[in-house]
Amino acid sequence: MNNNLSIIQTKGKEMFGEHFIILPEDYEVVHKLLTWFLQDEKQAQQFGINLNKGILLTGPIGCGKTSLMSLMRILVPPQQRFGIKSCREITFNFIKDGYDIIQRYSSYAYNNATNPPQPQTHCFDDLGAESTLKYYGNQCNVMGEILLSRYDHFINNHMVTHATTNLSASELESYYGNRVRSRMREMFNLIAFDSYAKDKRK
C-alpha cells in the first residue's frame, strides 16, 4: 500500500504540479480509496468497505477530493476508466438538451461494444453544488433523478457510481430528499475527510 501511495504522490505532481502533496492526516482516506480501486478484499474487510458499491468522497472545499478521484482513475484498466463530470455542467446541459441528459447517465450509460453491454461507471463531481432547474416549466432536480435512475441499473446490472461532495449526510438529504438519500446509502461507501481538513488550494 505504501508503494501505491508513493505512485499516487508522483503522479499527482505530474498532473497537478510540484505543490501537490498528500498530507499524513489524509493517509487513511487515500488508503481507503486505494483499497477500493485495487479491489483489495482483505483491506476492505478491515475498513468496512463494500467493493460492490461505489465511493462517495466527502470533505470541505479544497481538501483534494477531485484530484484524488482523478488519480484513482490510473489504477483501473483503460477499458474501465470512468469519466469525472461536474454536476453543475450536467445541469447546464439539461437546460440545453432536456431529459435526454438523465438517460445519458443512466439508461444509455452502457458500453455497447461488449456483449452483453457493460454498464459505465461515472464520477459526479461536487454533488449538491448544482441548482434545481426548470425545463419547459417543469421543476427537476437533475442529479437526484440521475441518482435514482442509476440506482435501478445498480440493482439490476451493477452500474457503479462515484461522487464527491462538500455536503454532510443531513445536507444531502435536505437537498435531494429522503428517497434519494436512502438509495445513496445502498449505492455508496462513504469515505470522508476530516471536517477540519486543510484547503490545499490556498
# chains A, B, ... in the order shown; residues from 1 in each chain; ligands from 1
call {"tool": "residues_around", "arguments": {"residues": "range 50-63 of chain A", "least_positions_apart": "2", "cutoff": "7 Å", "atoms": "only C-alpha atoms", "output": "list in words"}}
result
Trp36, Gln39, Ala44, Gly48, Lys65, Val160, Thr161, His162, Ala163, Thr164, Thr165, Asn166, Leu167, Met187, Phe188, Asn189, Leu190, Ile191, Ala192, Phe193, Asp194, Ser195, Ala197, Lys198, Asp199, Lys200 and Arg201 of chain A
call {"tool": "select_by_dssp", "arguments": {"residues": "range 60-98 of chain A", "states": "helix (DSSP H, G or I)", "output": "VMD selection string"}}
result
chain A and resid 65 to 75 78 to 80 87 to 97
call {"tool": "closest_atom_pairs", "arguments": {"of": "range 58-123 of chain A", "to": "range 19-26 of chain A", "cutoff": "10 Å", "atoms": "only C-alpha atoms", "output": "tab-separated table"}}
result
residue	atom	partner	partner_atom	distance
A:Cys63	CA	A:Asp26	CA	9.2
A:Gly64	CA	A:Ile22	CA	8.9
A:Ser67	CA	A:Phe20	CA	9.4
A:Leu68	CA	A:Ile22	CA	9.4
call {"tool": "write_last_selection", "arguments": {"atoms": "N, CA and C atoms", "output": "PDB file, in the first residue's frame"}}
result
ATOM      1  N   CYS A  63     -10.068  20.315  -0.176  1.00  0.00           N
ATOM      2  CA  CYS A  63      -9.262  19.295   0.521  1.00  0.00           C
ATOM      3  C   CYS A  63      -8.640  18.281  -0.439  1.00  0.00           C
ATOM      4  N   GLY A  64      -9.042  18.303  -1.722  1.00  0.00           N
ATOM      5  CA  GLY A  64      -8.385  17.444  -2.710  1.00  0.00           C
ATOM      6  C   GLY A  64      -9.228  16.285  -3.214  1.00  0.00           C
ATOM      7  N   SER A  67      -9.064  15.877  -7.148  1.00  0.00           N
ATOM      8  CA  SER A  67      -7.710  15.462  -7.540  1.00  0.00           C
ATOM      9  C   SER A  67      -7.491  13.984  -7.245  1.00  0.00           C
ATOM     10  N   LEU A  68      -7.911  13.535  -6.064  1.00  0.00           N
ATOM     11  CA  LEU A  68      -7.710  12.135  -5.696  1.00  0.00           C
ATOM     12  C   LEU A  68      -8.509  11.195  -6.600  1.00  0.00           C
TER      13      LEU A  68
END
call {"tool": "select_by_dssp", "arguments": {"residues": "range 14-182 of chain A", "states": "strand (DSSP E or B)", "output": "MDAnalysis selection string"}}
result
chainID A and resid 54:58 83:86 110:111 118:119 122:125 133:135 138:140 161:165
call {"tool": "residues_around", "arguments": {"residues": "Ala129 in chain A", "least_positions_apart": "3", "cutoff": "10 Å", "atoms": "only C-alpha atoms", "output": "list of chain:residue names"}}
result
A:Ser86, A:Cys87, A:Arg88, A:Asp125, A:Asp126, A:Thr132, A:Thr165, A:Asn166, A:Leu167, A:Tyr175
call {"tool": "write_last_selection", "arguments": {"atoms": "N, CA and C atoms", "output": "PDB file, in the first residue's frame"}}
result
ATOM      1  N   SER A  86     -18.662  17.318 -13.765  1.00  0.00           N
ATOM      2  CA  SER A  86     -19.167  18.300 -12.820  1.00  0.00           C
ATOM      3  C   SER A  86     -20.695  18.283 -12.819  1.00  0.00           C
ATOM      4  N   CYS A  87     -21.285  18.236 -11.620  1.00  0.00           N
ATOM      5  CA  CYS A  87     -22.746  18.234 -11.514  1.00  0.00           C
ATOM      6  C   CYS A  87     -23.343  19.528 -12.063  1.00  0.00           C
ATOM      7  N   ARG A  88     -22.633  20.635 -11.890  1.00  0.00           N
ATOM      8  CA  ARG A  88     -23.117  21.904 -12.435  1.00  0.00           C
ATOM      9  C   ARG A  88     -23.149  21.849 -13.963  1.00  0.00           C
ATOM     10  N   ASP A 125     -18.920  15.010  -9.848  1.00  0.00           N
ATOM     11  CA  ASP A 125     -18.095  15.893  -9.020  1.00  0.00           C
ATOM     12  C   ASP A 125     -18.917  17.038  -8.441  1.00  0.00           C
ATOM     13  N   ASP A 126     -18.727  17.278  -7.143  1.00  0.00           N
ATOM     14  CA  ASP A 126     -19.369  18.401  -6.458  1.00  0.00           C
ATOM     15  C   ASP A 126     -20.890  18.237  -6.399  1.00  0.00           C
ATOM     16  N   THR A 132     -31.510  23.209  -8.688  1.00  0.00           N
ATOM     17  CA  THR A 132     -32.726  22.590  -9.202  1.00  0.00           C
ATOM     18  C   THR A 132     -33.242  23.478 -10.327  1.00  0.00           C
ATOM     19  N   THR A 165     -18.526  15.348  -2.787  1.00  0.00           N
ATOM     20  CA  THR A 165     -19.430  16.386  -2.294  1.00  0.00           C
ATOM     21  C   THR A 165     -18.823  17.104  -1.096  1.00  0.00           C
ATOM     22  N   ASN A 166     -19.215  18.375  -0.943  1.00  0.00           N
ATOM     23  CA  ASN A 166     -18.845  19.142   0.247  1.00  0.00           C
ATOM     24  C   ASN A 166     -19.921  19.032   1.325  1.00  0.00           C
ATOM     25  N   LEU A 167     -21.042  18.395   1.007  1.00  0.00           N
ATOM     26  CA  LEU A 167     -22.193  18.376   1.906  1.00  0.00           C
ATOM     27  C   LEU A 167     -22.138  17.201   2.878  1.00  0.00           C
ATOM     28  N   TYR A 175     -31.264  18.352   0.575  1.00  0.00           N
ATOM     29  CA  TYR A 175     -31.206  18.816  -0.809  1.00  0.00           C
ATOM     30  C   TYR A 175     -31.938  17.874  -1.759  1.00  0.00           C
TER      31      TYR A 175
END
call {"tool": "atom_distance", "arguments": {"atom1": "CA of Met72 in chain A", "atom2": "CA of Pro119 in chain A"}}
result
18.9 Å
call {"tool": "atom_distance", "arguments": {"atom1": "CA of Gly98 in chain A", "atom2": "CA of Lys85 in chain A"}}
result
17.1 Å
call {"tool": "residues_around", "arguments": {"residues": "Arg181 in chain A", "least_positions_apart": "5", "cutoff": "12 Å", "atoms": "only C-alpha atoms", "output": "JSON list (two decimals) with N, CA and C atoms, in the first residue's frame"}}
result
[["chain", "number", "residue", "atom", "x", "y", "z"],
["A", 56, "LEU", "N", -18.54, 7.50, -2.26],
["A", 56, "LEU", "CA", -18.97, 8.88, -2.03],
["A", 56, "LEU", "C", -17.90, 9.53, -1.18],
["A", 143, "MET", "N", -29.68, 15.94, -10.76],
["A", 143, "MET", "CA", -28.79, 14.93, -10.19],
["A", 143, "MET", "C", -29.56, 13.93, -9.34],
["A", 144, "GLY", "N", -30.60, 14.40, -8.66],
["A", 144, "GLY", "CA", -31.45, 13.47, -7.89],
["A", 144, "GLY", "C", -32.07, 12.43, -8.80],
["A", 145, "GLU", "N", -32.56, 12.86, -9.97],
["A", 145, "GLU", "CA", -33.16, 11.93, -10.92],
["A", 145, "GLU", "C", -32.12, 10.98, -11.51],
["A", 147, "LEU", "N", -29.36, 9.97, -10.03],
["A", 147, "LEU", "CA", -29.01, 9.00, -8.99],
["A", 147, "LEU", "C", -30.09, 7.94, -8.83],
["A", 148, "LEU", "N", -31.36, 8.34, -8.87],
["A", 148, "LEU", "CA", -32.45, 7.37, -8.76],
["A", 148, "LEU", "C", -32.42, 6.40, -9.94],
["A", 151, "TYR", "N", -29.50, 4.07, -9.65],
["A", 151, "TYR", "CA", -29.76, 3.07, -8.60],
["A", 151, "TYR", "C", -30.45, 1.85, -9.19],
["A", 168, "SER", "N", -22.75, 17.38, 4.03],
["A", 168, "SER", "CA", -22.89, 16.31, 5.01],
["A", 168, "SER", "C", -24.08, 15.43, 4.63],
["A", 169, "ALA", "N", -24.24, 14.31, 5.31],
["A", 169, "ALA", "CA", -25.35, 13.39, 5.03],
["A", 169, "ALA", "C", -26.69, 14.10, 5.22],
["A", 170, "SER", "N", -26.81, 14.88, 6.27],
["A", 170, "SER", "CA", -28.08, 15.58, 6.53],
["A", 170, "SER", "C", -28.34, 16.65, 5.48],
["A", 171, "GLU", "N", -27.27, 17.32, 5.02],
["A", 171, "GLU", "CA", -27.44, 18.33, 3.96],
["A", 171, "GLU", "C", -27.84, 17.68, 2.64],
["A", 172, "LEU", "N", -27.27, 16.51, 2.35],
["A", 172, "LEU", "CA", -27.64, 15.79, 1.13],
["A", 172, "LEU", "C", -29.11, 15.39, 1.18],
["A", 173, "GLU", "N", -29.55, 14.93, 2.35],
["A", 173, "GLU", "CA", -30.95, 14.53, 2.49],
["A", 173, "GLU", "C", -31.87, 15.73, 2.33],
["A", 174, "SER", "N", -31.46, 16.86, 2.90],
["A", 174, "SER", "CA", -32.26, 18.07, 2.77],
["A", 174, "SER", "C", -32.35, 18.52, 1.31],
["A", 175, "TYR", "N", -31.26, 18.35, 0.58],
["A", 175, "TYR", "CA", -31.21, 18.82, -0.81],
["A", 175, "TYR", "C", -31.94, 17.87, -1.76],
["A", 176, "TYR", "N", -31.73, 16.56, -1.59],
["A", 176, "TYR", "CA", -32.27, 15.59, -2.54],
["A", 176, "TYR", "C", -33.51, 14.85, -2.05],
["A", 186, "GLU", "N", -27.32, 2.72, -0.21],
["A", 186, "GLU", "CA", -27.15, 1.40, -0.83],
["A", 186, "GLU", "C", -26.10, 1.42, -1.94],
["A", 187, "MET", "N", -25.93, 2.58, -2.58],
["A", 187, "MET", "CA", -25.04, 2.67, -3.74],
["A", 187, "MET", "C", -23.60, 2.99, -3.40],
["A", 188, "PHE", "N", -23.37, 3.64, -2.24],
["A", 188, "PHE", "CA", -22.06, 4.21, -1.96],
["A", 188, "PHE", "C", -21.44, 3.71, -0.66]]
call {"tool": "closest_residue", "arguments": {"among": "A:Tyr110, A:Phe124, A:Phe154, A:Tyr27", "to": "Thr66 in chain A", "atoms": "only C-alpha atoms"}}
result
A:Phe124
call {"tool": "closest_residue", "arguments": {"among": "A:Asn93, A:Asn3, A:Gln118, A:Ser70", "to": "Asn156 in chain A", "atoms": "only C-alpha atoms"}}
result
A:Gln118
call {"tool": "residues_around", "arguments": {"residues": "His31 in chain A", "least_positions_apart": "2", "cutoff": "10 Å", "atoms": "only C-alpha atoms", "output": "PyMOL selection string"}}
result
chain A and resi 1-2+4-5+26-29+33-37+43+47
call {"tool": "write_last_selection", "arguments": {"atoms": "C-alpha atoms", "output": "CSV table (one decimal), in the first residue's frame"}}
result
chain,number,residue,atom,x,y,z
A,1,MET,CA,0.0,0.0,0.0
A,2,ASN,CA,2.9,2.4,0.8
A,4,ASN,CA,1.0,2.7,-4.2
A,5,LEU,CA,0.8,5.8,-2.0
A,26,ASP,CA,-5.1,12.3,4.7
A,27,TYR,CA,-3.3,8.9,4.5
A,28,GLU,CA,-6.3,6.9,5.9
A,29,VAL,CA,-8.7,8.4,3.2
A,33,LEU,CA,-9.6,4.8,-1.8
A,34,LEU,CA,-6.7,2.6,-2.8
A,35,THR,CA,-8.4,-0.4,-1.2
A,36,TRP,CA,-11.5,0.1,-3.3
A,37,PHE,CA,-9.7,0.8,-6.6
A,43,GLN,CA,-8.2,-4.4,3.5
A,47,PHE,CA,-12.1,-0.8,6.7
call {"tool": "atom_distance", "arguments": {"atom1": "CA of Tyr105 in chain A", "atom2": "CA of Asn141 in chain A"}}
result
14.3 Å
call {"tool": "residues_around", "arguments": {"residues": "Gly83 in chain A", "least_positions_apart": "4", "cutoff": "8 Å", "atoms": "only C-alpha atoms", "output": "list in words"}}
result
Thr121, His122 and Cys123 of chain A
call {"tool": "write_last_selection", "arguments": {"atoms": "C-alpha atoms", "output": "mmCIF file, in the first residue's frame"}}
result
data_model
loop_
_atom_site.group_PDB
_atom_site.id
_atom_site.type_symbol
_atom_site.label_atom_id
_atom_site.label_comp_id
_atom_site.auth_asym_id
_atom_site.auth_seq_id
_atom_site.Cartn_x
_atom_site.Cartn_y
_atom_site.Cartn_z
ATOM 1 C CA THR A 121 -19.016 3.935 -14.240
ATOM 2 C CA HIS A 122 -19.309 7.699 -13.748
ATOM 3 C CA CYS A 123 -17.968 10.013 -11.057
#
